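Enquirer: Pasting query-v1.txt here (compact mmCIF, C-alpha atoms and all ligand atoms):
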```txt
# COMPACT_ATOMS: atom_id res chain seq x y z
CA MET G 1 -85.62 63.29 20.89
CA ARG G 2 -85.04 66.92 21.74
CA ARG G 3 -83.47 67.40 18.33
CA ARG G 4 -86.46 65.91 16.58
CA HIS G 5 -88.78 68.21 18.56
CA SER G 6 -86.65 71.26 17.78
CA LEU G 7 -86.54 70.53 14.07
CA ALA G 8 -90.30 70.00 14.03
CA VAL G 9 -90.91 73.24 15.95
CA ALA G 10 -88.75 75.14 13.45
CA THR G 11 -90.64 73.67 10.49
CA THR G 12 -94.05 74.16 12.11
CA ALA G 13 -93.26 77.77 13.03
CA VAL G 14 -92.31 78.51 9.43
CA ALA G 15 -95.56 76.90 8.26
CA LEU G 16 -97.51 79.13 10.68
CA ASN G 17 -95.65 82.15 9.33
CA THR G 18 -96.99 81.28 5.88
CA ARG G 19 -100.46 80.20 7.03
CA TYR G 20 -101.07 83.45 8.94
CA ARG G 21 -99.03 85.71 6.65
CA LEU G 22 -97.03 86.94 9.60
CA GLY G 23 -94.25 88.36 7.47
CA ILE G 24 -91.52 87.14 9.81
CA ASP G 25 -88.07 86.49 8.37
CA GLY G 26 -88.29 82.74 7.76
CA ASP G 27 -84.60 82.04 8.36
CA GLU G 28 -84.64 83.83 11.70
CA LEU G 29 -87.80 82.04 12.74
CA TYR G 30 -86.43 78.64 11.74
CA GLU G 31 -83.23 79.32 13.64
CA ALA G 32 -85.15 80.38 16.77
CA GLY G 33 -87.23 77.20 16.55
CA LEU G 34 -84.15 75.06 16.21
CA HIS G 35 -82.52 76.50 19.33
CA HIS G 36 -85.44 77.41 21.60
CA ASP G 37 -84.92 74.38 23.87
CA LEU G 38 -81.13 74.40 23.98
CA ALA G 39 -81.19 74.51 27.79
CA ARG G 40 -84.14 72.14 28.22
CA GLU G 41 -81.98 69.20 29.25
CA TRP G 42 -79.91 71.12 31.76
CA GLU G 43 -80.32 70.05 35.38
CA SER G 44 -82.37 72.42 37.56
CA GLU G 45 -79.28 73.19 39.57
CA ALA G 46 -77.36 74.25 36.46
CA LEU G 47 -80.25 76.44 35.31
CA VAL G 48 -80.48 78.16 38.67
CA ARG G 49 -76.72 78.58 38.92
CA PHE G 50 -76.49 80.07 35.43
CA SER G 51 -79.40 82.43 36.14
CA VAL G 52 -77.81 83.67 39.34
CA ASP G 53 -74.23 83.88 38.05
CA GLU G 54 -75.20 85.65 34.84
CA GLN G 55 -77.85 87.80 36.52
CA VAL G 56 -80.53 86.60 34.12
CA GLU G 57 -83.83 88.42 34.63
CA VAL G 58 -86.26 85.76 35.79
CA SER G 59 -89.63 85.79 37.54
CA ASP G 60 -90.33 84.25 40.93
CA GLU G 61 -92.55 81.69 39.16
CA GLU G 62 -89.63 80.61 37.03
CA LEU G 63 -87.32 80.38 40.02
CA ALA G 64 -89.90 78.31 41.87
CA HIS G 65 -90.11 75.88 38.93
CA PRO G 66 -86.54 75.79 37.62
CA VAL G 67 -87.42 73.81 34.48
CA LEU G 68 -89.03 77.06 33.29
CA LEU G 69 -85.63 78.72 33.47
CA HIS G 70 -84.65 76.91 30.28
CA ALA G 71 -86.35 79.72 28.32
CA PRO G 72 -84.62 82.78 29.81
CA VAL G 73 -81.31 80.91 29.97
CA ALA G 74 -81.52 79.92 26.29
CA ALA G 75 -82.41 83.51 25.40
CA VAL G 76 -79.24 84.78 27.09
CA VAL G 77 -77.07 82.15 25.41
CA LEU G 78 -78.57 82.99 22.01
CA GLU G 79 -78.28 86.73 22.55
CA ARG G 80 -74.57 86.25 23.21
CA ALA G 81 -74.32 84.12 20.08
CA GLY G 82 -75.62 87.09 18.08
CA MET G 83 -79.29 86.29 17.55
CA SER G 84 -81.62 89.18 16.79
CA HIS G 85 -83.74 90.96 19.39
CA ALA G 86 -86.91 89.36 17.96
CA GLN G 87 -85.38 85.88 18.21
CA VAL G 88 -84.18 86.47 21.75
CA LEU G 89 -87.61 87.70 22.89
CA ALA G 90 -89.38 84.81 21.18
CA VAL G 91 -87.18 82.24 22.89
CA ARG G 92 -87.30 84.11 26.21
CA HIS G 93 -91.06 83.79 26.43
CA HIS G 94 -91.71 80.50 24.67
CA THR G 95 -92.81 78.60 27.78
CA LEU G 96 -95.36 80.89 29.48
CA GLY G 97 -95.99 83.47 26.78
CA SER G 98 -95.88 87.23 27.18
CA SER G 99 -97.24 90.40 25.60
CA GLU G 100 -93.57 91.15 24.88
CA MET G 101 -92.89 88.06 22.81
CA GLY G 102 -93.74 89.58 19.42
CA LEU G 103 -95.11 87.82 16.37
CA MET G 104 -92.11 85.53 16.22
CA GLY G 105 -92.78 84.56 19.82
CA LYS G 106 -96.40 83.75 19.04
CA ALA G 107 -95.41 81.57 16.10
CA LEU G 108 -92.83 79.78 18.23
CA PHE G 109 -95.23 79.36 21.14
CA CYS G 110 -97.93 77.78 18.96
CA ALA G 111 -95.43 75.65 17.04
CA ASP G 112 -94.04 74.30 20.32
CA TYR G 113 -97.52 73.03 21.15
CA LEU G 114 -98.63 71.93 17.68
CA GLU G 115 -95.58 70.21 16.23
CA PRO G 116 -96.53 66.76 14.97
CA ASN G 117 -94.43 64.73 17.42
CA ARG G 118 -96.48 66.00 20.36
CA THR G 119 -98.88 63.23 21.25
CA HIS G 120 -101.36 65.37 23.20
CA LEU G 121 -103.02 66.32 19.89
CA ASN G 122 -104.33 64.08 17.15
CA ASP G 123 -104.40 65.09 13.51
CA GLU G 124 -108.03 66.13 13.64
CA GLU G 125 -107.49 68.35 16.68
CA ARG G 126 -104.47 69.87 15.00
CA ARG G 127 -106.46 70.51 11.83
CA LEU G 128 -109.26 72.18 13.79
CA LEU G 129 -106.86 74.41 15.70
CA LEU G 130 -105.32 75.57 12.44
CA GLN G 131 -108.71 76.81 11.32
CA GLU G 132 -108.42 79.69 13.77
CA ALA G 133 -108.32 82.87 11.72
CA THR G 134 -105.42 84.61 13.43
CA ILE G 135 -102.24 83.62 15.24
CA GLU G 136 -103.63 85.38 18.34
CA ALA G 137 -106.78 83.23 18.26
CA LEU G 138 -104.58 80.17 17.85
CA CYS G 139 -102.48 81.17 20.88
CA LEU G 140 -105.71 81.57 22.90
CA ARG G 141 -106.92 78.08 21.97
CA VAL G 142 -103.50 76.62 22.76
CA LEU G 143 -103.51 78.28 26.18
CA GLU G 144 -107.04 77.06 26.89
CA ARG G 145 -106.12 73.49 25.99
CA ALA G 146 -102.90 73.63 27.98
CA TRP G 147 -104.71 75.00 31.01
CA GLN G 148 -107.46 72.41 30.75
CA TRP G 149 -104.79 69.74 30.91
CA ARG G 150 -102.99 71.43 33.82
CA ARG G 151 -106.24 71.70 35.79
CA SER G 152 -107.03 68.04 35.16
CA GLU G 153 -103.60 67.23 36.60
CA GLY G 154 -104.22 69.46 39.61
CA LYS G 155 -101.51 71.88 38.48
CA THR G 156 -101.73 75.64 38.85
CA ILE G 157 -101.89 78.15 35.99
CA SER G 158 -99.02 80.58 35.92
CA ARG G 159 -99.52 84.29 36.37
CA ALA G 160 -97.44 85.03 33.28
CA SER G 161 -99.68 82.80 31.15
CA ARG G 162 -102.80 84.50 32.46
CA ALA G 163 -101.31 87.89 31.62
CA PHE G 164 -100.44 86.62 28.15
CA TYR G 165 -104.02 85.41 27.71
CA ARG G 166 -105.41 88.81 28.70
CA SER G 167 -103.08 90.61 26.31
CA LEU G 168 -104.22 88.34 23.46
CA MET G 169 -107.86 88.98 24.29
CA ALA G 170 -107.21 92.72 24.18
CA GLU G 171 -105.49 92.36 20.80
CA GLU G 172 -108.38 90.31 19.48
CA ARG G 173 -110.84 93.04 20.44
CA ALA G 174 -108.73 95.83 19.01
FE FE G 201 -89.13 74.81 25.92
FE FE G 202 -90.00 73.09 22.94
```
So that I can check it, write out the structure of this file as structure tokens.

Expert:
Amino acid sequence: MRRRHSLAVATTAVALNTRYRLGIDGDELYEAGLHHDLAREWESEALVRFSVDEQVEVSDEELAHPVLLHAPVAAVVLERAGMSHAQVLAVRHHTLGSSEMGLMGKALFCADYLEPNRTHLNDEERRLLLQEATIEALCLRVLERAWQWRRSEGKTISRASRAFYRSLMAEERA
């Protein structure tokens, strides 16, 4: 299941790279997509222990919701395995988004939401989203949809996501 998702994220991210002419190295992007969730199945306790033992830089939001630690933990594992700075940053911020995530991060973030196995979107919704003119606009729509769902579930919106949204808005205006 996780493998199918990861493969689909890698393929979708590469398609976004082409669609939006992002100019990202396709092999690096594919590889980041393939491995972005490598720690997603770890138990919370293991994620917290790894973060503490390896002094991983994490936010208080991530510590409060340990499943979110799968992003920074994967980034550290991949950095040690020799992945590039761009790949490490993209994986680091794939859950909540960040102004630091770079173009590769944006492609990964959107691909994580859009990949065809995700059942929260139908083909028509996917097609409409892909009509957004820029990857930044696409990230904004993805965030809005994700937040709408979170609100309907009574869940809070993370501070990091809000900051990411504001940084995208600023980029859009620029
Ligand atoms: Fe993830
Ligand atoms: Fe994912």

Enquirer: Could you check the closest approach to Val67 in chain G for each of G:Ala15, G:Ala81, G:Ala90, G:Ala39 and tell me which residue wins, using all atoms listed in the file?

Expert: G:Ala39

Enquirer: For ligand FE 202 (chain G), which residue among G:Glu57, G:Glu79, G:Glu136, G:Asp37 is the nearest when counting all atoms listed in the file?

Expert: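 Nearest candidate to ligand FE 202 (chain G) out of G:Glu57, G:Glu79, G:Glu136, G:Asp37: G:Asp37.
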
Enquirer: Could you check the closest approach to ligand FE 201 (chain G) for each of G:Gln55, G:Ser44, G:Thr134, G:Thr95 and tell me which residue wins, using all atoms listed in the file?

Expert: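 Residue with the minimum atom-to-atom distance to ligand FE 201 (chain G): G:Thr95.
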
Enquirer: Measure the distance from CA of Ala64 in chain G to CA of Glu45 in chain G in Å and round it to one decimal.

Expert: 12.0 Å

Enquirer: Given the point (-92.9, 80.8, 15.1) in the coordinates of this file, which residues lie within 9 Å, counting only C-alpha atoms, and how would they look as a ChimeraX atom specification?

Expert: /G:9-17,24,26,29-30,32-33,90,103-112

Enquirer: Could you list, as an NGL selection string, all residues that come within 10 Å of ligand FE 201 (chain G)? Count only C-alpha atoms and all ligand atoms.

Expert: :G and (2 or 5-6 or 33 or 35-41 or 67-72 or 74 or 91-96 or 108-109 or 112-113)

Enquirer: Based on the selection just made, write C-alpha atoms of those residues as a PDB file, in the coordinates of the input.

Expert:
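Output below, filename again36.pdb:
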```
ATOM      1  CA  ARG G   2     -85.040  66.920  21.740  1.00  0.00           C
ATOM      2  CA  HIS G   5     -88.780  68.210  18.560  1.00  0.00           C
ATOM      3  CA  SER G   6     -86.650  71.260  17.780  1.00  0.00           C
ATOM      4  CA  GLY G  33     -87.230  77.200  16.550  1.00  0.00           C
ATOM      5  CA  HIS G  35     -82.520  76.500  19.330  1.00  0.00           C
ATOM      6  CA  HIS G  36     -85.440  77.410  21.600  1.00  0.00           C
ATOM      7  CA  ASP G  37     -84.920  74.380  23.870  1.00  0.00           C
ATOM      8  CA  LEU G  38     -81.130  74.400  23.980  1.00  0.00           C
ATOM      9  CA  ALA G  39     -81.190  74.510  27.790  1.00  0.00           C
ATOM     10  CA  ARG G  40     -84.140  72.140  28.220  1.00  0.00           C
ATOM     11  CA  GLU G  41     -81.980  69.200  29.250  1.00  0.00           C
ATOM     12  CA  VAL G  67     -87.420  73.810  34.480  1.00  0.00           C
ATOM     13  CA  LEU G  68     -89.030  77.060  33.290  1.00  0.00           C
ATOM     14  CA  LEU G  69     -85.630  78.720  33.470  1.00  0.00           C
ATOM     15  CA  HIS G  70     -84.650  76.910  30.280  1.00  0.00           C
ATOM     16  CA  ALA G  71     -86.350  79.720  28.320  1.00  0.00           C
ATOM     17  CA  PRO G  72     -84.620  82.780  29.810  1.00  0.00           C
ATOM     18  CA  ALA G  74     -81.520  79.920  26.290  1.00  0.00           C
ATOM     19  CA  VAL G  91     -87.180  82.240  22.890  1.00  0.00           C
ATOM     20  CA  ARG G  92     -87.300  84.110  26.210  1.00  0.00           C
ATOM     21  CA  HIS G  93     -91.060  83.790  26.430  1.00  0.00           C
ATOM     22  CA  HIS G  94     -91.710  80.500  24.670  1.00  0.00           C
ATOM     23  CA  THR G  95     -92.810  78.600  27.780  1.00  0.00           C
ATOM     24  CA  LEU G  96     -95.360  80.890  29.480  1.00  0.00           C
ATOM     25  CA  LEU G 108     -92.830  79.780  18.230  1.00  0.00           C
ATOM     26  CA  PHE G 109     -95.230  79.360  21.140  1.00  0.00           C
ATOM     27  CA  ASP G 112     -94.040  74.300  20.320  1.00  0.00           C
ATOM     28  CA  TYR G 113     -97.520  73.030  21.150  1.00  0.00           C
TER      29      TYR G 113
END
```

Enquirer: Given the choices G:Leu138, G:Leu130, G:Ala86, G:Leu22, which gets closest to Glu100 in chain G if the distance is worked out from all atoms listed in the file?

Expert: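 Among the listed residues, G:Ala86 lies closest to Glu100 in chain G.
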